[in-house]
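Asker: Here it is, the structure, as structure tokens.
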Amino acid sequence: MTLIAQIKTATEAALKSLFPDTDFPGNIVTVNQTKPEFTGDYTVVLFSMVKILRKKPDEIGTLLGQQLLQDNSDLFASYDIVSGFLNLNIQDKFWASFLLNHFNDPHFGEKPKKDRRVMVEYSSPNTNKPLHFGHMRNIFLGYAVSEILKATGNQVIKANLINDRGIHICKSMIAWMDYAEGATPDSTGIKGDHLVGDYYVRFNEVYKQQIKEQVAAGKDEKQAEKEAPIMLAAQELLRKWEAGDTDTRNLWKQMNVWVYKGFNVTYKKMGIDFDKFYYESQTYLLGKSIIEEGLQKHVLFKKEDGSVWIDLTEDGLDQKLLLRGDGTSVYITQDLGTAKLKYDEYKLDQSIYVIGDEQNYHMQVLKLIMQKLKEPSAPGIHHLSYGMVELPSGKMKSREGTVVDADDMIAEMVSLARTQTEEAGKTDGFSQDELQALYEMIGLGALKFYLLRVDPKKKMIFNPKESIDLHGYTATFIQYAHARICSILRKEGYEKMPKNIRFQTFQLTEVLLPAEKKLAVMLEQYCSIVDDAARELNPGTICNYSFQLAQLFNSFYDQHSISHAENTEKKHLRLMLIIMTASILRHSMRLLGISLPEKM
RNA sequence: GGUCUCGUAGCUCAGUUGGAUAGAGCAACAGCCUUCUAAGCUGUGGGUCUCAGGUUCGAAUCCUGACGGGAUCACCA
């Protein structure tokens, strides 16, 4: 149980024994960390009790303070009442025993495994172009949320639904057929996803040009858009694909393989993995059976032309098409099918979709339809919506090539890490391989942290002209604090983290200094931070915490010597503090997919 | 127009069951390396929490309205 929870429970118990005849509502006790300008560690707010007890806050505080001290003498050292707030001082020996129990636990912050299955779908790229900066936010978010949910005991399935069919693929295909002259990744040395993406851009160039020509020849613009030869060719290709035309399918397979190879290189570089892949070419026909059932249950209805609809006007939305008159699927049809497929396969308690906020409406409709159809998967559907990453000039558009490419971005960050390390003259004692690994750790860490530290639901603006910082509120800062701790531990003879320890006999006799206590308090809070992050599905919570912890450590490091502590007791105490700090930094960053170096 | 969402320091952002004098980082300025890594530490300046009402002992936080930005409302995916 976390300390705040303990204090809450103790306070509730104290209230009960003080006022046995009073009925208290469940949320009567609020416990906060005491503001730095007051003495105390944790604070109970007294105002909420005034009305029920018909006593003055200070009077309640005195009674409560005395009772708490009397019942929990091992926990509370003293209390202090300041204008309606009961400030409690925690016994130093509580912190000492907390450290002894947990300082060497690499799993501190995790919860026991439970039988709750969660699927997190993320990345879910189209196969007509390479990944860009916006995708990275999605991917890092999905990965981090998965890891955070695992740490809180969930069984997590990381899923990637690859959108490998549709008109956009055909666009790349037709441009490749017309202009590539048989170019392949091998023949050109271009990464497969980039090669295919180049022809997607090429398609749009040609398309624009053809529209221009047709408009010049007197057609109106809408007509020109519809009748541009290259667009007609792409649509024809899609028809052939759906009819199963061998040549078309072969080219499609070929180009997709190029793209997958490229994606895998990028995923690997990012340190991202998946447990399950779905391919839209295999799922796009799903959902029709659900619709059939829906018709029988009269949840859905058919129009004269044979198209199938659902009426969501009672829910404040519109009528929504679920199946075309000719019986073919639309986007939401296959999503209904995939949702059911996921559930049937894994019996999911929760199914999280990491998808941009532009699809809020779509996801709302999806969940609503599943609810109305009484599908068992419906309650678990959850849209983890995140804001778009925009450039100062506006949205990124891959059609127009105004995107920040993922591979480029990673390379740039790694190179930035190298430059800054070299400038700082910190390359001594590393082999070339070690340096390369370090640069990747720093560059990629900075990138991930930059994208994860902001609340997912907020859109963010990224200025490519300003490089991502390696100072201040960054992963680098945390990595640096970790490297410093490791350096101390190396000098103290702990090459690897000490297994068990000479501190078993540790006895606290001296008063904790402010900087020591602050660190201990912060360390103790880690469990509830992980909990918060899991509940809110927000890795930013972890970023905040880890940065603050690293900051506290740096400040501590500046004030107090560890190796040359005043005496053995202090030395052991501080070693426990920094060992646990390093351990939690590592753990928390692992949840975000960020590694920490032992030297930098 | 309907629905959703955001608005906090010059910039980027924290601040979640309403709690004490609203916090970080960057940028600016001033200090700190003979002692465990200065990618660090300490300090200074910088705020009408968009605005106006309301609820409350107490509001950046909850409610209503206004203003401003964004998304969405396809037989596209």
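If you're wondering about the labels, chains in the structure tokens are A, B, ... by order shown, residues count from 1 in each chain, ligands from 1 in order shown.
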Could you give me, as a PDB file with N, CA, C and O atoms (P, O5', C5', C4', C3', O3' and C1' of nucleotides), in the first residue's frame, the residues within 10 Å of stretch 48-56 of chain B, counting only C-alpha atoms (C1' of nucleotides) and dropping anything in the same chain fewer than 6 positions from it?
Answerer:
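Final file, selection-v3.pdb:
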```
ATOM      1  P     G B   7      -6.050  23.726 -22.508  1.00  0.00           P
ATOM      2  O5'   G B   7      -5.877  25.165 -23.161  1.00  0.00           O
ATOM      3  C5'   G B   7      -4.709  25.470 -23.925  1.00  0.00           C
ATOM      4  C4'   G B   7      -4.797  26.888 -24.444  1.00  0.00           C
ATOM      5  C3'   G B   7      -4.815  27.957 -23.356  1.00  0.00           C
ATOM      6  O3'   G B   7      -4.052  29.086 -23.763  1.00  0.00           O
ATOM      7  C1'   G B   7      -6.755  28.153 -24.698  1.00  0.00           C
ATOM      8  P     U B   8      -2.512  29.086 -23.420  1.00  0.00           P
ATOM      9  O5'   U B   8      -2.520  29.106 -21.832  1.00  0.00           O
ATOM     10  C5'   U B   8      -3.005  30.235 -21.126  1.00  0.00           C
ATOM     11  C4'   U B   8      -2.423  30.257 -19.749  1.00  0.00           C
ATOM     12  C3'   U B   8      -0.907  30.286 -19.677  1.00  0.00           C
ATOM     13  O3'   U B   8      -0.383  31.591 -19.870  1.00  0.00           O
ATOM     14  C1'   U B   8      -1.711  28.643 -18.195  1.00  0.00           C
ATOM     15  P     G B  18     -13.105  17.103  -7.318  1.00  0.00           P
ATOM     16  O5'   G B  18     -11.882  17.902  -7.957  1.00  0.00           O
ATOM     17  C5'   G B  18     -10.861  18.282  -7.200  1.00  0.00           C
ATOM     18  C4'   G B  18     -10.648  19.771  -7.301  1.00  0.00           C
ATOM     19  C3'   G B  18      -9.833  20.213  -6.110  1.00  0.00           C
ATOM     20  O3'   G B  18      -8.946  21.198  -6.551  1.00  0.00           O
ATOM     21  C1'   G B  18     -11.853  21.429  -6.211  1.00  0.00           C
ATOM     22  P     A B  22       0.131  31.970  -6.287  1.00  0.00           P
ATOM     23  O5'   A B  22       0.851  30.708  -6.935  1.00  0.00           O
ATOM     24  C5'   A B  22       0.539  29.388  -6.512  1.00  0.00           C
ATOM     25  C4'   A B  22       0.594  28.459  -7.697  1.00  0.00           C
ATOM     26  C3'   A B  22       1.883  28.563  -8.501  1.00  0.00           C
ATOM     27  O3'   A B  22       2.838  27.671  -7.978  1.00  0.00           O
ATOM     28  C1'   A B  22      -0.001  28.598  -9.943  1.00  0.00           C
ATOM     29  P     C B  62     -12.643  21.077 -15.038  1.00  0.00           P
ATOM     30  O5'   C B  62     -13.995  21.143 -14.193  1.00  0.00           O
ATOM     31  C5'   C B  62     -14.530  19.984 -13.583  1.00  0.00           C
ATOM     32  C4'   C B  62     -15.880  20.294 -12.993  1.00  0.00           C
ATOM     33  C3'   C B  62     -16.792  21.150 -13.864  1.00  0.00           C
ATOM     34  O3'   C B  62     -17.487  20.361 -14.827  1.00  0.00           O
ATOM     35  C1'   C B  62     -16.770  22.034 -11.676  1.00  0.00           C
ATOM     36  P     C B  63     -17.915  20.980 -16.221  1.00  0.00           P
ATOM     37  O5'   C B  63     -19.156  21.900 -15.809  1.00  0.00           O
ATOM     38  C5'   C B  63     -20.370  21.334 -15.347  1.00  0.00           C
ATOM     39  C4'   C B  63     -21.396  22.427 -15.147  1.00  0.00           C
ATOM     40  C3'   C B  63     -21.574  23.359 -16.327  1.00  0.00           C
ATOM     41  O3'   C B  63     -22.461  22.832 -17.300  1.00  0.00           O
ATOM     42  C1'   C B  63     -21.327  24.641 -14.357  1.00  0.00           C
ATOM     43  P     U B  64     -22.279  23.212 -18.827  1.00  0.00           P
ATOM     44  O5'   U B  64     -22.824  24.708 -18.858  1.00  0.00           O
ATOM     45  C5'   U B  64     -24.187  24.992 -18.586  1.00  0.00           C
ATOM     46  C4'   U B  64     -24.426  26.474 -18.660  1.00  0.00           C
ATOM     47  C3'   U B  64     -23.893  27.164 -19.909  1.00  0.00           C
ATOM     48  O3'   U B  64     -24.762  27.006 -21.026  1.00  0.00           O
ATOM     49  C1'   U B  64     -23.292  28.429 -18.010  1.00  0.00           C
ATOM     50  P     G B  65     -24.121  26.948 -22.487  1.00  0.00           P
ATOM     51  O5'   G B  65     -23.690  28.463 -22.723  1.00  0.00           O
ATOM     52  C5'   G B  65     -24.685  29.464 -22.898  1.00  0.00           C
ATOM     53  C4'   G B  65     -24.066  30.838 -22.823  1.00  0.00           C
ATOM     54  C3'   G B  65     -23.008  31.155 -23.868  1.00  0.00           C
ATOM     55  O3'   G B  65     -23.557  31.477 -25.128  1.00  0.00           O
ATOM     56  C1'   G B  65     -22.258  31.881 -21.753  1.00  0.00           C
ATOM     57  P     A B  66     -22.701  31.212 -26.450  1.00  0.00           P
ATOM     58  O5'   A B  66     -21.618  32.386 -26.375  1.00  0.00           O
ATOM     59  C5'   A B  66     -22.039  33.733 -26.590  1.00  0.00           C
ATOM     60  C4'   A B  66     -20.876  34.668 -26.317  1.00  0.00           C
ATOM     61  C3'   A B  66     -19.681  34.516 -27.247  1.00  0.00           C
ATOM     62  O3'   A B  66     -19.861  35.174 -28.488  1.00  0.00           O
ATOM     63  C1'   A B  66     -18.929  34.629 -25.002  1.00  0.00           C
ATOM     64  P     C B  67     -19.248  34.516 -29.805  1.00  0.00           P
ATOM     65  O5'   C B  67     -17.691  34.825 -29.654  1.00  0.00           O
ATOM     66  C5'   C B  67     -17.228  36.173 -29.587  1.00  0.00           C
ATOM     67  C4'   C B  67     -15.762  36.203 -29.230  1.00  0.00           C
ATOM     68  C3'   C B  67     -14.859  35.349 -30.105  1.00  0.00           C
ATOM     69  O3'   C B  67     -14.540  35.959 -31.345  1.00  0.00           O
ATOM     70  C1'   C B  67     -14.299  34.999 -27.840  1.00  0.00           C
ATOM     71  P     G B  68     -14.342  35.033 -32.627  1.00  0.00           P
ATOM     72  O5'   G B  68     -12.940  34.337 -32.342  1.00  0.00           O
ATOM     73  C5'   G B  68     -11.745  35.122 -32.348  1.00  0.00           C
ATOM     74  C4'   G B  68     -10.581  34.289 -31.878  1.00  0.00           C
ATOM     75  C3'   G B  68     -10.345  32.985 -32.635  1.00  0.00           C
ATOM     76  O3'   G B  68      -9.719  33.171 -33.892  1.00  0.00           O
ATOM     77  C1'   G B  68     -10.188  32.572 -30.329  1.00  0.00           C
TER      78        G B  68
END
```
Asker: For A:Val354, find every residue with an atom within 10 Å (counting only C-alpha atoms (C1' of nucleotides)), except residues of its own chain fewer than 2 positions away, and show them as a list in words.
Answerer: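 Result of the neighbour search: Val120, Glu121, Tyr122, Ser123, Ser124, Arg137, Asn138, Ile139, Leu141, Gly142, Tyr143, Val145, Ser351, Ile352, Gly356, Asp357, His382, His383, Leu384, Ser385 and Tyr386 of chain A.
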Asker: Pull out every residue of chain B that has at least one atom within 8 Å of chain A, counting only C-alpha atoms (C1' of nucleotides), and report them as a list in words.
Answerer: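 Residues of chain B within 8 Å of chain A, counting only C-alpha atoms (C1' of nucleotides): U3, C4, C6, C13, A14, U17, G19, A20, A24, G25, C26, C36, U37, A39, G40, C41, C57, A71, U72, C75 and A77 of chain B.
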Asker: Mind pulling up the distance from atom CA of A:Leu69 to atom CA of A:Leu53?
Answerer: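 Separation between atom CA of A:Leu53 and atom CA of A:Leu69: 20.5 Å.
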Asker: Please provide as a PDB file with all heavy atoms, in the first residue's frame all residues within 8 Å of stretch 183-186 of chain A, with the sequence filter that same-chain residues fewer than 6 positions apart are discarded (counting only C-alpha atoms (C1' of nucleotides)).
Answerer:
```pdb
ATOM      1  N   GLY A 192      12.942   0.020 -49.322  1.00  0.00           N
ATOM      2  CA  GLY A 192      11.711  -0.335 -50.019  1.00  0.00           C
ATOM      3  C   GLY A 192      10.543   0.598 -49.783  1.00  0.00           C
ATOM      4  O   GLY A 192       9.833   0.994 -50.719  1.00  0.00           O
ATOM      5  N   LEU A 195      11.133   3.780 -51.637  1.00  0.00           N
ATOM      6  CA  LEU A 195      10.969   3.622 -53.086  1.00  0.00           C
ATOM      7  C   LEU A 195       9.489   3.687 -53.449  1.00  0.00           C
ATOM      8  O   LEU A 195       9.082   4.430 -54.342  1.00  0.00           O
ATOM      9  CB  LEU A 195      11.565   2.289 -53.542  1.00  0.00           C
ATOM     10  CG  LEU A 195      11.531   2.055 -55.056  1.00  0.00           C
ATOM     11  CD1 LEU A 195      12.678   2.804 -55.727  1.00  0.00           C
ATOM     12  CD2 LEU A 195      11.611   0.573 -55.397  1.00  0.00           C
ATOM     13  N   TRP A 258       8.504  -5.134 -50.331  1.00  0.00           N
ATOM     14  CA  TRP A 258       9.522  -4.072 -50.240  1.00  0.00           C
ATOM     15  C   TRP A 258       9.233  -3.163 -49.050  1.00  0.00           C
ATOM     16  O   TRP A 258      10.112  -2.806 -48.280  1.00  0.00           O
ATOM     17  CB  TRP A 258       9.518  -3.207 -51.507  1.00  0.00           C
ATOM     18  CG  TRP A 258       9.941  -3.914 -52.749  1.00  0.00           C
ATOM     19  CD1 TRP A 258      10.607  -5.108 -52.817  1.00  0.00           C
ATOM     20  CD2 TRP A 258       9.724  -3.481 -54.086  1.00  0.00           C
ATOM     21  NE1 TRP A 258      10.815  -5.449 -54.129  1.00  0.00           N
ATOM     22  CE2 TRP A 258      10.287  -4.467 -54.940  1.00  0.00           C
ATOM     23  CE3 TRP A 258       9.118  -2.375 -54.680  1.00  0.00           C
ATOM     24  CZ2 TRP A 258      10.262  -4.361 -56.327  1.00  0.00           C
ATOM     25  CZ3 TRP A 258       9.102  -2.258 -56.055  1.00  0.00           C
ATOM     26  CH2 TRP A 258       9.654  -3.249 -56.871  1.00  0.00           C
TER      27      TRP A 258
END
```
Asker: Please identify which residues in stretch 225-304 of chain A DSSP calls helix (DSSP H, G or I) from the backbone, and express them as a ChimeraX atom specification.
Answerer: /A:225-227,229-243,246-270,280-283,288-296
Asker: May I ask for the distance between atom CA of A:Leu591 and atom CA of A:Ala159, given in Å to one decimal place?
Answerer: 17.3 Å
Asker: Taking only C-alpha atoms into account, name the residue in A:Thr338, A:Asn264, A:Gln254, A:Thr246 that is nearest to A:Leu286.
Answerer: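 For A:Leu286, the nearest of the candidates is A:Thr338.
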Asker: What does the structure give for the distance between atom CA of A:Lys8 and atom CA of A:Thr62, in Å to one decimal?
Answerer: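 Between atom CA of A:Lys8 and atom CA of A:Thr62 the gap is 16.8 Å.
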Asker: Assign secondary structure with DSSP using the backbone only, and return the residues of stretch 75-242 of chain A in strand (DSSP E or B) as a list in words.
Answerer: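 Taking stretch 75-242 of chain A and keeping strand (DSSP E or B) only, one gets Phe76, Ala77, Ser78, Tyr79, Asp80, Ile81, Val82, Phe85, Leu86, Asn87, Leu88, Asn89, Ile90, Arg117, Val118, Met119, Val120, Glu121, Asn126, His132, Gln155, Val156, Ile157, Lys158, Ala159, Asn160, Leu161, Ile162 and Asn163 of chain A.
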Asker: Write out as a list in words which residues come within 8 Å of A:Tyr278 when counting only C-alpha atoms (C1' of nucleotides), dropping same-chain ones fewer than 5 positions away.
Answerer: Ala159, Asn160, Leu161, Ile162 and Thr283 of chain A
Asker: Keeping only N, CA and C atoms, write those residues as a compact mmCIF listing (two decimals), in the first residue's frame.
Answerer:
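This is the output file selection.txt:
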```
# COMPACT_ATOMS: atom_id res chain seq x y z
N ALA A 159 -0.74 -5.02 -31.19
CA ALA A 159 -1.22 -5.38 -32.51
C ALA A 159 -0.96 -4.28 -33.52
N ASN A 160 -0.74 -4.71 -34.75
CA ASN A 160 -0.50 -3.78 -35.85
C ASN A 160 -1.41 -4.20 -37.01
N LEU A 161 -2.35 -3.34 -37.34
CA LEU A 161 -3.27 -3.63 -38.44
C LEU A 161 -2.77 -2.90 -39.67
N ILE A 162 -2.22 -3.68 -40.58
CA ILE A 162 -1.57 -3.07 -41.73
C ILE A 162 -2.55 -2.86 -42.86
N THR A 283 -8.86 -8.82 -43.84
CA THR A 283 -9.97 -8.52 -42.93
C THR A 283 -11.04 -7.65 -43.59
```
